[in-house]
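Below is entry-v7.tsv, holding TSV, C-alpha atoms and all ligand atoms.
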```
chain	number	residue	atom	x	y	z
S	1	MET	CA	23.71	20.12	19.34
S	2	MET	CA	22.95	16.44	19.72
S	3	ASN	CA	25.14	13.93	17.88
S	4	ALA	CA	23.79	10.65	16.51
S	5	ARG	CA	25.58	7.59	17.83
S	6	THR	CA	27.82	6.22	15.12
S	7	ALA	CA	26.99	2.57	14.51
S	8	LYS	CA	29.59	-0.03	13.85
S	9	GLN	CA	28.87	-1.45	10.42
S	10	GLY	CA	26.82	-4.60	10.54
S	11	ASN	CA	25.65	-4.30	14.18
S	12	PRO	CA	21.85	-4.08	13.83
S	13	GLU	CA	21.26	-2.95	17.42
S	14	GLU	CA	23.67	-0.06	17.09
S	15	VAL	CA	22.25	0.90	13.70
S	16	MET	CA	18.81	0.92	15.33
S	17	GLU	CA	20.01	3.19	18.17
S	18	SER	CA	21.65	5.51	15.66
S	19	ILE	CA	18.40	5.67	13.63
S	20	LYS	CA	16.44	6.56	16.79
S	21	ASP	CA	18.89	9.40	17.53
S	22	LEU	CA	18.74	10.68	13.96
S	23	LEU	CA	14.94	10.62	13.94
S	24	LYS	CA	14.93	12.83	17.05
S	25	MET	CA	17.62	15.18	15.76
S	26	LYS	CA	15.87	15.75	12.44
S	27	ASN	CA	12.35	15.91	13.89
S	28	ALA	CA	11.52	12.97	11.66
S	29	ILE	CA	9.04	10.09	11.80
S	30	LEU	CA	9.37	6.68	10.24
S	31	LEU	CA	6.32	5.21	8.50
S	32	ALA	CA	6.37	1.58	7.38
S	33	HIS	CA	4.01	-0.48	5.26
S	34	ASN	CA	2.67	-3.77	6.63
S	35	TYR	CA	4.86	-5.71	4.14
S	36	GLU	CA	8.20	-4.19	5.21
S	37	PRO	CA	10.84	-6.40	6.91
S	38	PRO	CA	10.21	-7.06	10.65
S	39	ALA	CA	13.13	-4.91	11.92
S	40	ILE	CA	11.72	-1.89	10.07
S	41	GLN	CA	8.15	-2.42	11.28
S	42	ASP	CA	9.50	-2.79	14.83
S	43	ILE	CA	11.34	0.52	14.76
S	44	ALA	CA	8.62	2.48	12.90
S	45	ASP	CA	6.55	5.22	14.54
S	46	SER	CA	3.53	3.88	12.63
S	47	CYS	CA	2.82	0.88	10.43
S	48	GLY	CA	-0.22	0.49	8.21
S	49	ASP	CA	-1.83	-0.02	4.86
S	50	SER	CA	-1.60	2.56	2.06
S	51	LEU	CA	-4.58	4.52	3.32
S	52	GLU	CA	-3.48	4.67	6.95
S	53	LEU	CA	0.02	5.73	5.99
S	54	SER	CA	-1.30	8.57	3.77
S	55	ILE	CA	-3.47	9.77	6.64
S	56	LYS	CA	-0.56	9.58	9.11
S	57	ALA	CA	1.64	11.53	6.70
S	58	SER	CA	-1.01	14.25	6.34
S	59	GLN	CA	-1.40	14.60	10.12
S	60	THR	CA	2.16	14.63	11.44
S	61	ASP	CA	3.95	17.71	12.83
S	62	ALA	CA	7.33	16.21	11.92
S	63	ASP	CA	9.56	18.04	9.41
S	64	VAL	CA	10.76	14.83	7.78
S	65	ILE	CA	9.00	11.57	6.89
S	66	VAL	CA	11.13	8.49	6.28
S	67	PHE	CA	8.86	6.37	4.13
S	68	CYS	CA	9.55	2.65	4.22
S	69	GLY	CA	7.40	1.29	1.47
S	70	VAL	CA	7.45	1.80	-2.28
S	71	HIS	CA	7.73	4.88	-4.48
S	72	PHE	CA	4.03	5.64	-5.01
S	73	MET	CA	3.52	5.72	-1.22
S	74	ALA	CA	6.31	8.27	-0.72
S	75	GLU	CA	4.90	10.30	-3.61
S	76	THR	CA	1.46	10.29	-2.00
S	77	ALA	CA	3.05	11.64	1.19
S	78	SER	CA	4.74	14.39	-0.86
S	79	ILE	CA	1.41	15.20	-2.58
S	80	LEU	CA	-0.26	15.64	0.82
S	81	CYS	CA	2.68	17.30	2.62
S	82	PRO	CA	4.49	19.60	0.17
S	83	ASP	CA	6.34	21.39	2.99
S	84	LYS	CA	7.88	18.25	4.41
S	85	ILE	CA	10.96	16.36	3.34
S	86	ILE	CA	9.95	12.85	2.26
S	87	LEU	CA	12.78	10.32	2.22
S	88	LEU	CA	12.49	6.97	0.44
S	89	PRO	CA	15.68	5.20	1.62
S	90	VAL	CA	15.96	3.13	-1.58
S	91	GLU	CA	15.00	5.21	-4.57
S	92	ASN	CA	14.14	2.32	-6.89
S	93	ALA	CA	11.76	0.56	-4.50
S	94	GLY	CA	8.84	0.64	-6.92
S	95	CYS	CA	5.57	-1.13	-7.64
S	96	PRO	CA	5.40	-3.10	-10.90
S	97	MET	CA	1.63	-2.61	-11.01
S	98	ALA	CA	1.99	1.19	-10.75
S	99	ASP	CA	4.34	1.01	-13.74
S	100	MET	CA	1.64	-0.65	-15.87
S	101	ILE	CA	0.00	2.68	-16.69
S	102	THR	CA	1.37	6.07	-17.77
S	103	ALA	CA	-0.27	9.48	-17.76
S	104	ASP	CA	-0.12	9.63	-21.59
S	105	ALA	CA	-1.86	6.26	-21.93
S	106	LEU	CA	-4.56	7.37	-19.49
S	107	ILE	CA	-5.10	10.67	-21.33
S	108	LYS	CA	-5.59	8.68	-24.56
S	109	LYS	CA	-8.07	6.29	-22.92
S	110	ARG	CA	-9.98	9.19	-21.34
S	111	SER	CA	-10.42	10.78	-24.75
S	112	GLU	CA	-12.28	7.59	-25.80
S	113	MET	CA	-14.54	7.78	-22.72
S	114	PRO	CA	-15.11	11.52	-22.16
S	115	ASP	CA	-18.05	10.99	-19.77
S	116	ALA	CA	-16.27	8.51	-17.52
S	117	VAL	CA	-15.20	9.21	-13.97
S	118	VAL	CA	-11.62	7.96	-13.62
S	119	ILE	CA	-10.85	6.17	-10.36
S	120	SER	CA	-7.16	5.37	-9.92
S	121	TYR	CA	-5.81	3.04	-7.30
S	122	VAL	CA	-3.31	4.76	-5.03
S	123	ASN	CA	-0.74	2.33	-6.53
S	124	THR	CA	-0.09	4.77	-9.42
S	125	SER	CA	2.42	7.52	-10.15
S	126	ALA	CA	1.66	11.13	-9.22
S	127	GLU	CA	1.32	11.88	-12.97
S	128	VAL	CA	-1.43	9.26	-13.33
S	129	LYS	CA	-3.19	10.56	-10.20
S	130	ALA	CA	-3.07	14.05	-11.75
S	131	GLU	CA	-5.06	12.73	-14.74
S	132	SER	CA	-7.61	10.97	-12.50
S	133	ASP	CA	-10.78	12.26	-10.86
S	134	ILE	CA	-10.44	10.39	-7.62
S	135	CYS	CA	-8.15	7.85	-5.97
S	136	CYS	CA	-9.01	4.74	-4.00
S	137	THR	CA	-7.15	2.20	-1.89
S	138	SER	CA	-7.90	-1.44	-1.17
S	139	ALA	CA	-9.56	-0.30	2.07
S	140	ASN	CA	-12.09	2.11	0.52
S	141	VAL	CA	-12.61	1.07	-3.11
S	142	ILE	CA	-16.28	0.17	-2.60
S	143	GLN	CA	-17.08	3.49	-0.89
S	144	VAL	CA	-15.27	5.40	-3.63
S	145	VAL	CA	-17.12	3.57	-6.44
S	146	ASN	CA	-20.45	4.10	-4.66
S	147	SER	CA	-19.71	7.84	-4.40
S	148	VAL	CA	-19.81	8.20	-8.20
S	149	PRO	CA	-23.26	9.31	-9.46
S	150	SER	CA	-25.09	6.21	-10.76
S	151	GLU	CA	-25.54	7.55	-14.31
S	152	LYS	CA	-21.79	8.03	-14.76
S	153	PRO	CA	-19.60	5.37	-16.38
S	154	ILE	CA	-16.43	4.51	-14.48
S	155	LEU	CA	-12.92	3.84	-15.71
S	156	MET	CA	-10.70	2.19	-13.10
S	157	THR	CA	-6.91	2.02	-13.28
S	158	PRO	CA	-4.56	0.19	-13.14
S	159	ASP	CA	-5.65	-3.01	-11.30
S	160	LYS	CA	-8.02	-5.25	-13.25
S	161	ASN	CA	-8.57	-7.46	-10.20
S	162	LEU	CA	-9.47	-4.63	-7.83
S	163	ALA	CA	-11.83	-3.24	-10.51
S	164	GLN	CA	-13.57	-6.59	-11.04
S	165	TYR	CA	-13.94	-6.98	-7.29
S	166	ALA	CA	-15.51	-3.49	-7.09
S	167	ARG	CA	-17.80	-4.31	-10.01
S	168	SER	CA	-18.98	-7.53	-8.36
S	169	ARG	CA	-19.71	-5.74	-5.06
S	170	THR	CA	-21.40	-2.62	-6.47
S	171	GLY	CA	-23.01	-3.84	-9.68
S	172	ARG	CA	-21.59	-0.76	-11.43
S	173	ASP	CA	-20.55	-0.71	-15.06
S	174	ILE	CA	-16.78	-0.41	-14.68
S	175	THR	CA	-14.32	-0.39	-17.54
S	176	TYR	CA	-10.86	-1.26	-16.34
S	177	TRP	CA	-7.21	-1.13	-17.21
S	178	SER	CA	-5.37	-4.43	-17.67
S	179	GLY	CA	-2.76	-3.94	-14.91
S	180	TYR	CA	-2.23	-6.29	-12.01
S	181	CYS	CA	0.07	-7.00	-9.07
S	182	PRO	CA	2.35	-9.86	-10.15
S	183	ILE	CA	2.52	-11.18	-6.59
S	184	HIS	CA	-1.24	-11.33	-5.92
S	185	ASN	CA	-2.24	-12.19	-9.47
S	186	ASN	CA	0.02	-15.27	-9.35
S	187	LEU	CA	-1.88	-16.82	-6.46
S	188	ARG	CA	-3.82	-19.70	-8.03
S	189	ALA	CA	-7.22	-21.04	-7.06
S	190	ASP	CA	-5.97	-24.66	-7.06
S	191	GLN	CA	-3.20	-23.71	-4.61
S	192	VAL	CA	-5.77	-22.04	-2.31
S	193	LEU	CA	-8.03	-25.10	-2.51
S	194	LYS	CA	-5.11	-27.30	-1.50
S	195	VAL	CA	-4.35	-25.16	1.59
S	196	LYS	CA	-8.06	-24.92	2.47
S	197	LYS	CA	-8.32	-28.71	2.34
S	198	ALA	CA	-5.40	-29.03	4.76
S	199	HIS	CA	-6.91	-26.41	7.13
S	200	PRO	CA	-10.70	-26.75	6.79
S	201	ASP	CA	-11.50	-24.59	9.86
S	202	ALA	CA	-9.28	-21.67	8.90
S	203	PRO	CA	-11.02	-18.78	7.12
S	204	PHE	CA	-9.30	-17.66	3.92
S	205	LEU	CA	-8.59	-13.90	4.00
S	206	ALA	CA	-7.61	-12.41	0.64
S	207	HIS	CA	-6.40	-9.05	-0.61
S	208	PRO	CA	-8.55	-7.60	-3.43
S	209	GLU	CA	-5.51	-7.58	-5.76
S	210	CYS	CA	-6.01	-11.38	-6.10
S	211	SER	CA	-7.76	-12.75	-9.19
S	212	PRO	CA	-11.57	-13.17	-9.32
S	213	GLU	CA	-11.13	-16.99	-9.18
S	214	VAL	CA	-9.17	-16.68	-5.92
S	215	LEU	CA	-11.51	-14.03	-4.46
S	216	ALA	CA	-14.44	-16.37	-5.12
S	217	LEU	CA	-12.87	-18.71	-2.55
S	218	ALA	CA	-12.31	-16.00	0.09
S	219	ASP	CA	-14.21	-15.78	3.36
S	220	GLU	CA	-13.17	-12.14	3.69
S	221	ILE	CA	-11.62	-9.67	1.21
S	222	LYS	CA	-9.66	-6.91	2.91
S	223	SER	CA	-6.76	-4.45	2.76
S	224	THR	CA	-3.63	-5.43	4.68
S	225	SER	CA	-4.77	-3.52	7.77
S	226	GLY	CA	-8.28	-4.89	7.26
S	227	ILE	CA	-6.80	-8.40	7.55
S	228	LEU	CA	-4.98	-7.34	10.74
S	229	ALA	CA	-8.16	-5.93	12.27
S	230	TYR	CA	-10.25	-8.96	11.29
S	231	THR	CA	-7.87	-11.52	12.79
S	232	ALA	CA	-7.57	-9.51	16.03
S	233	HIS	CA	-11.34	-9.67	16.61
S	234	SER	CA	-12.14	-13.11	15.21
S	235	GLY	CA	-12.70	-16.04	17.57
S	236	LYS	CA	-10.96	-18.37	15.10
S	237	GLN	CA	-7.53	-19.76	15.92
S	238	ALA	CA	-6.07	-20.21	12.43
S	239	PHE	CA	-6.28	-18.19	9.21
S	240	ILE	CA	-5.16	-18.69	5.62
S	241	ILE	CA	-3.57	-15.45	4.42
S	242	GLY	CA	-3.84	-14.45	0.76
S	243	THR	CA	-1.48	-11.52	0.58
S	244	GLU	CA	2.25	-10.71	0.66
S	245	LEU	CA	4.27	-12.60	3.28
S	246	GLY	CA	5.46	-9.47	5.12
S	247	ILE	CA	2.08	-9.26	6.83
S	248	LEU	CA	2.82	-12.44	8.76
S	249	HIS	CA	5.07	-10.43	11.10
S	250	PRO	CA	2.44	-7.96	12.40
S	251	LEU	CA	-0.18	-10.73	12.41
S	252	SER	CA	1.92	-13.00	14.63
S	253	LYS	CA	3.10	-10.12	16.80
S	254	ALA	CA	-0.45	-8.95	17.52
S	255	ASN	CA	-1.85	-12.48	17.93
S	256	PRO	CA	0.89	-14.73	19.33
S	257	GLU	CA	-1.62	-17.47	20.20
S	258	LYS	CA	-3.09	-17.67	16.65
S	259	THR	CA	-1.77	-19.45	13.56
S	260	PHE	CA	-1.34	-17.79	10.16
S	261	ILE	CA	-0.89	-19.99	7.12
S	262	PRO	CA	0.30	-18.38	3.89
S	263	ALA	CA	-1.99	-19.26	0.97
S	264	ASP	CA	1.23	-19.54	-1.03
S	265	PRO	CA	4.73	-19.22	0.47
S	266	GLY	CA	5.86	-17.65	-2.83
S	267	MET	CA	3.91	-14.39	-2.27
S	268	PHE	CA	7.01	-12.24	-1.86
S	269	CYS	CA	7.26	-8.64	-3.13
S	270	PRO	CA	10.97	-7.92	-3.72
S	271	ASP	CA	10.37	-4.15	-3.86
S	272	MET	CA	8.94	-4.15	-0.34
S	273	LYS	CA	12.17	-5.72	0.94
S	274	LYS	CA	14.66	-3.37	-0.67
S	275	ILE	CA	14.97	-1.07	2.35
S	276	GLY	CA	17.06	-2.21	5.31
S	277	LEU	CA	18.21	-0.51	8.50
S	278	PRO	CA	21.54	0.70	6.97
S	279	GLU	CA	19.62	2.41	4.14
S	280	ILE	CA	17.39	4.19	6.66
S	281	GLN	CA	20.42	5.36	8.63
S	282	HIS	CA	22.11	6.59	5.45
S	283	ALA	CA	18.95	8.40	4.30
S	284	LEU	CA	18.72	10.26	7.61
S	285	GLU	CA	22.42	11.14	7.61
S	286	THR	CA	22.41	12.48	4.04
S	287	MET	CA	18.73	13.56	3.87
S	288	SER	CA	18.42	11.67	0.60
S	289	PRO	CA	17.03	10.17	-1.59
S	290	GLU	CA	14.17	12.63	-1.38
S	291	VAL	CA	10.86	12.17	-3.19
S	292	ARG	CA	9.26	15.48	-4.13
S	293	VAL	CA	6.38	15.91	-6.57
S	294	GLY	CA	6.58	19.08	-8.68
S	295	GLN	CA	3.97	21.79	-8.13
S	296	ASP	CA	1.85	21.36	-11.31
S	297	ILE	CA	1.40	17.63	-10.96
S	298	ARG	CA	1.07	17.86	-7.20
S	299	ILE	CA	-1.89	20.24	-7.23
S	300	ARG	CA	-3.88	18.08	-9.66
S	301	ALA	CA	-2.89	14.80	-8.00
S	302	ARG	CA	-3.80	16.21	-4.60
S	303	ALA	CA	-7.33	16.99	-5.78
S	304	ALA	CA	-7.80	13.28	-6.62
S	305	VAL	CA	-6.36	12.12	-3.28
S	306	GLU	CA	-8.38	14.68	-1.29
S	307	ARG	CA	-11.65	13.66	-2.98
S	308	MET	CA	-10.96	10.16	-1.67
S	309	LEU	CA	-10.18	11.40	1.85
S	310	ALA	CA	-13.33	13.57	1.86
S	311	ILE	CA	-15.51	10.50	1.18
S	312	LEU	CA	-14.05	8.77	4.21
S	313	SER	CA	-14.81	11.67	6.52
S	314	LYS	CA	-18.52	11.79	5.46
A	1	LIG	P1	-2.75	-2.10	1.21
A	1	LIG	O1	-3.17	-0.69	0.97
A	1	LIG	O2	-3.90	-3.03	1.44
A	1	LIG	O3	-1.74	-2.18	2.30
A	1	LIG	O4	-2.07	-2.66	-0.11
A	1	LIG	C1	-0.94	-2.08	-0.69
A	1	LIG	C2	-0.31	-2.97	-1.64
A	1	LIG	O5	0.63	-2.61	-2.31
A	1	LIG	C3	-0.84	-4.31	-1.75
A	1	LIG	O6	-0.04	-5.06	-2.60
A	2	LIG	FE1	2.99	-3.39	-5.92
A	2	LIG	FE2	2.13	-5.89	-5.60
A	2	LIG	FE3	4.38	-5.14	-4.40
A	2	LIG	FE4	1.99	-4.21	-3.56
A	2	LIG	S1	2.74	-6.32	-3.49
A	2	LIG	S2	3.85	-3.01	-3.88
A	2	LIG	S3	0.90	-4.03	-5.53
A	2	LIG	S4	4.01	-5.24	-6.62
```
Go ahead and render the structure in this file as structure tokens.
Amino acid sequence: MMNARTAKQGNPEEVMESIKDLLKMKNAILLAHNYEPPAIQDIADSCGDSLELSIKASQTDADVIVFCGVHFMAETASILCPDKIILLPVENAGCPMADMITADALIKKRSEMPDAVVISYVNTSAEVKAESDICCTSANVIQVVNSVPSEKPILMTPDKNLAQYARSRTGRDITYWSGYCPIHNNLRADQVLKVKKAHPDAPFLAHPECSPEVLALADEIKSTSGILAYTAHSGKQAFIIGTELGILHPLSKANPEKTFIPADPGMFCPDMKKIGLPEIQHALETMSPEVRVGQDIRIRARAAVERMLAILSK
């Protein structure tokens, strides 16, 4: 049997080699969100936005998925891959927006709107997904909203900004929860105007979790991977980036000759930086902490996630 190299504490290169060995030994893959620290993105088998990572998780032959992101992402992998071991190297890497709604609160709201189709952002707990009709991500929210029969009212949770963006693009009557991402919601229109003035030729690319006032200033509104794809194909040389700072690493790596200017250098998600290489190594050595969604919730949550995936394959 193969032995993983034991890394001297604090030597990042050796920790990295040890992680590579452990991944092979355990038939594991490492998935990382576009906001994760550079060293993690560089060692990952795949990086992506929430949608891409869910799809990767559902397609892999690996026995183990090391999920470097936040809790709802690891849960989504568990919902789609009940037979795999899903490791989230730091258990309390969460998403404050996902915590802004509970299943009980959604059940209560649904009882007030019995005809509504409930669309929940993937940034929700498995319990909330289980009480929802369909999920969406920042990459497919418009398609998901347009898939709902036109006579049906819609209730969207938990992101008020994503919901207002979807309402403005589809013209649909959407009631929404009052949740938000503290990092994106804090980006102010006057700050964006200041950066735009300093870089008049740079298009402003914003994530749909930003406020309506900020999105009104955007040249393009896209998921994290949507921003990556757009900048790769654009003829422009400089871009103002309205999302979490972690994305600057893959942007600069893929486009070394282009310039990326943060709309606000304070757009930092602490939860996305909780995992480091030592935590990944430890998770693979101990096969913990594991995220596993219980059967009852999983089956109902999976229906909501699969309805979303089915729309994309149409
Ligand atoms: P993406 O799906 O666009 O990567 O967004 C996830 C997220 O948490 C944004 O804050
Ligand atoms: Fe949640 Fe916002 Fe962090 Fe994304 S950036 S994980 S939405 S808190």
>> What does the list of residues within 9 Å of ligand LIG 1 (chain A) look like if you count all atoms listed in the file, written as JSON, numbers by chain?
In response: {"S": [33, 34, 35, 48, 49, 50, 51, 52, 53, 69, 70, 73, 95, 97, 122, 123, 137, 138, 139, 181, 183, 184, 207, 208, 209, 222, 223, 224, 225, 226, 227, 243, 244, 269, 272]}
Write the residues of the selection above to a file with C-alpha atoms, as a PDB file, in the coordinates of the input.
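In the end it all went to selection.pdb:
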```pdb
ATOM      1  CA  HIS S  33       4.010  -0.480   5.260  1.00  0.00           C
ATOM      2  CA  ASN S  34       2.670  -3.770   6.630  1.00  0.00           C
ATOM      3  CA  TYR S  35       4.860  -5.710   4.140  1.00  0.00           C
ATOM      4  CA  GLY S  48      -0.220   0.490   8.210  1.00  0.00           C
ATOM      5  CA  ASP S  49      -1.830  -0.020   4.860  1.00  0.00           C
ATOM      6  CA  SER S  50      -1.600   2.560   2.060  1.00  0.00           C
ATOM      7  CA  LEU S  51      -4.580   4.520   3.320  1.00  0.00           C
ATOM      8  CA  GLU S  52      -3.480   4.670   6.950  1.00  0.00           C
ATOM      9  CA  LEU S  53       0.020   5.730   5.990  1.00  0.00           C
ATOM     10  CA  GLY S  69       7.400   1.290   1.470  1.00  0.00           C
ATOM     11  CA  VAL S  70       7.450   1.800  -2.280  1.00  0.00           C
ATOM     12  CA  MET S  73       3.520   5.720  -1.220  1.00  0.00           C
ATOM     13  CA  CYS S  95       5.570  -1.130  -7.640  1.00  0.00           C
ATOM     14  CA  MET S  97       1.630  -2.610 -11.010  1.00  0.00           C
ATOM     15  CA  VAL S 122      -3.310   4.760  -5.030  1.00  0.00           C
ATOM     16  CA  ASN S 123      -0.740   2.330  -6.530  1.00  0.00           C
ATOM     17  CA  THR S 137      -7.150   2.200  -1.890  1.00  0.00           C
ATOM     18  CA  SER S 138      -7.900  -1.440  -1.170  1.00  0.00           C
ATOM     19  CA  ALA S 139      -9.560  -0.300   2.070  1.00  0.00           C
ATOM     20  CA  CYS S 181       0.070  -7.000  -9.070  1.00  0.00           C
ATOM     21  CA  ILE S 183       2.520 -11.180  -6.590  1.00  0.00           C
ATOM     22  CA  HIS S 184      -1.240 -11.330  -5.920  1.00  0.00           C
ATOM     23  CA  HIS S 207      -6.400  -9.050  -0.610  1.00  0.00           C
ATOM     24  CA  PRO S 208      -8.550  -7.600  -3.430  1.00  0.00           C
ATOM     25  CA  GLU S 209      -5.510  -7.580  -5.760  1.00  0.00           C
ATOM     26  CA  LYS S 222      -9.660  -6.910   2.910  1.00  0.00           C
ATOM     27  CA  SER S 223      -6.760  -4.450   2.760  1.00  0.00           C
ATOM     28  CA  THR S 224      -3.630  -5.430   4.680  1.00  0.00           C
ATOM     29  CA  SER S 225      -4.770  -3.520   7.770  1.00  0.00           C
ATOM     30  CA  GLY S 226      -8.280  -4.890   7.260  1.00  0.00           C
ATOM     31  CA  ILE S 227      -6.800  -8.400   7.550  1.00  0.00           C
ATOM     32  CA  THR S 243      -1.480 -11.520   0.580  1.00  0.00           C
ATOM     33  CA  GLU S 244       2.250 -10.710   0.660  1.00  0.00           C
ATOM     34  CA  CYS S 269       7.260  -8.640  -3.130  1.00  0.00           C
ATOM     35  CA  MET S 272       8.940  -4.150  -0.340  1.00  0.00           C
TER      36      MET S 272
END
```
> Between atom CA of Thr170 of chain S and atom FE2 of ligand LIG 2 (chain A), what is the distance, to one decimal in Å?
Replying inline: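 One can read the atom CA of Thr170 of chain S to atom FE2 of ligand LIG 2 (chain A) distance as 23.8 Å.
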>> For segment 141-144 of chain S, find every residue with an atom within 12 Å (counting only C-alpha atoms), except residues of its own chain fewer than 4 positions away, and show them as a PyMOL selection string.
In response: chain S and resi 51+117-122+133-137+148-149+154+156-157+159+161-172+208-209+221-223+304-314
> Given the choices S:Ala32, S:Ile280, S:Ala57, S:Ala77, which gets closest to Ala126 of chain S if the distance is worked out from only C-alpha atoms?
Replying inline: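 So, comparing all the options, the nearest one is S:Ala77.
Among the candidates S:Val66, S:Ala254, S:Leu245, S:Ala39, the one nearest to Glu285 of chain S when counting all atoms listed in the file is S:Val66.
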> Neighbours of Pro89 of chain S within 12 Å (all atoms listed in the file; same-chain residues fewer than 5 positions away dropped), as an MDAnalysis selection string?
Replying inline: chainID S and resid 30:32 40 65:71 74 94 272:291
>> as a ChimeraX atom specification, please: the residues near segment 231-238 of chain S (cut-off 7 Å, only C-alpha atoms, same-chain neighbours under 5 positions excluded).
In response: /S:202,255,258-260
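When atom CA of Ser252 of chain S is paired with atom CA of Glu14 of chain S, their separation reads 25.4 Å.
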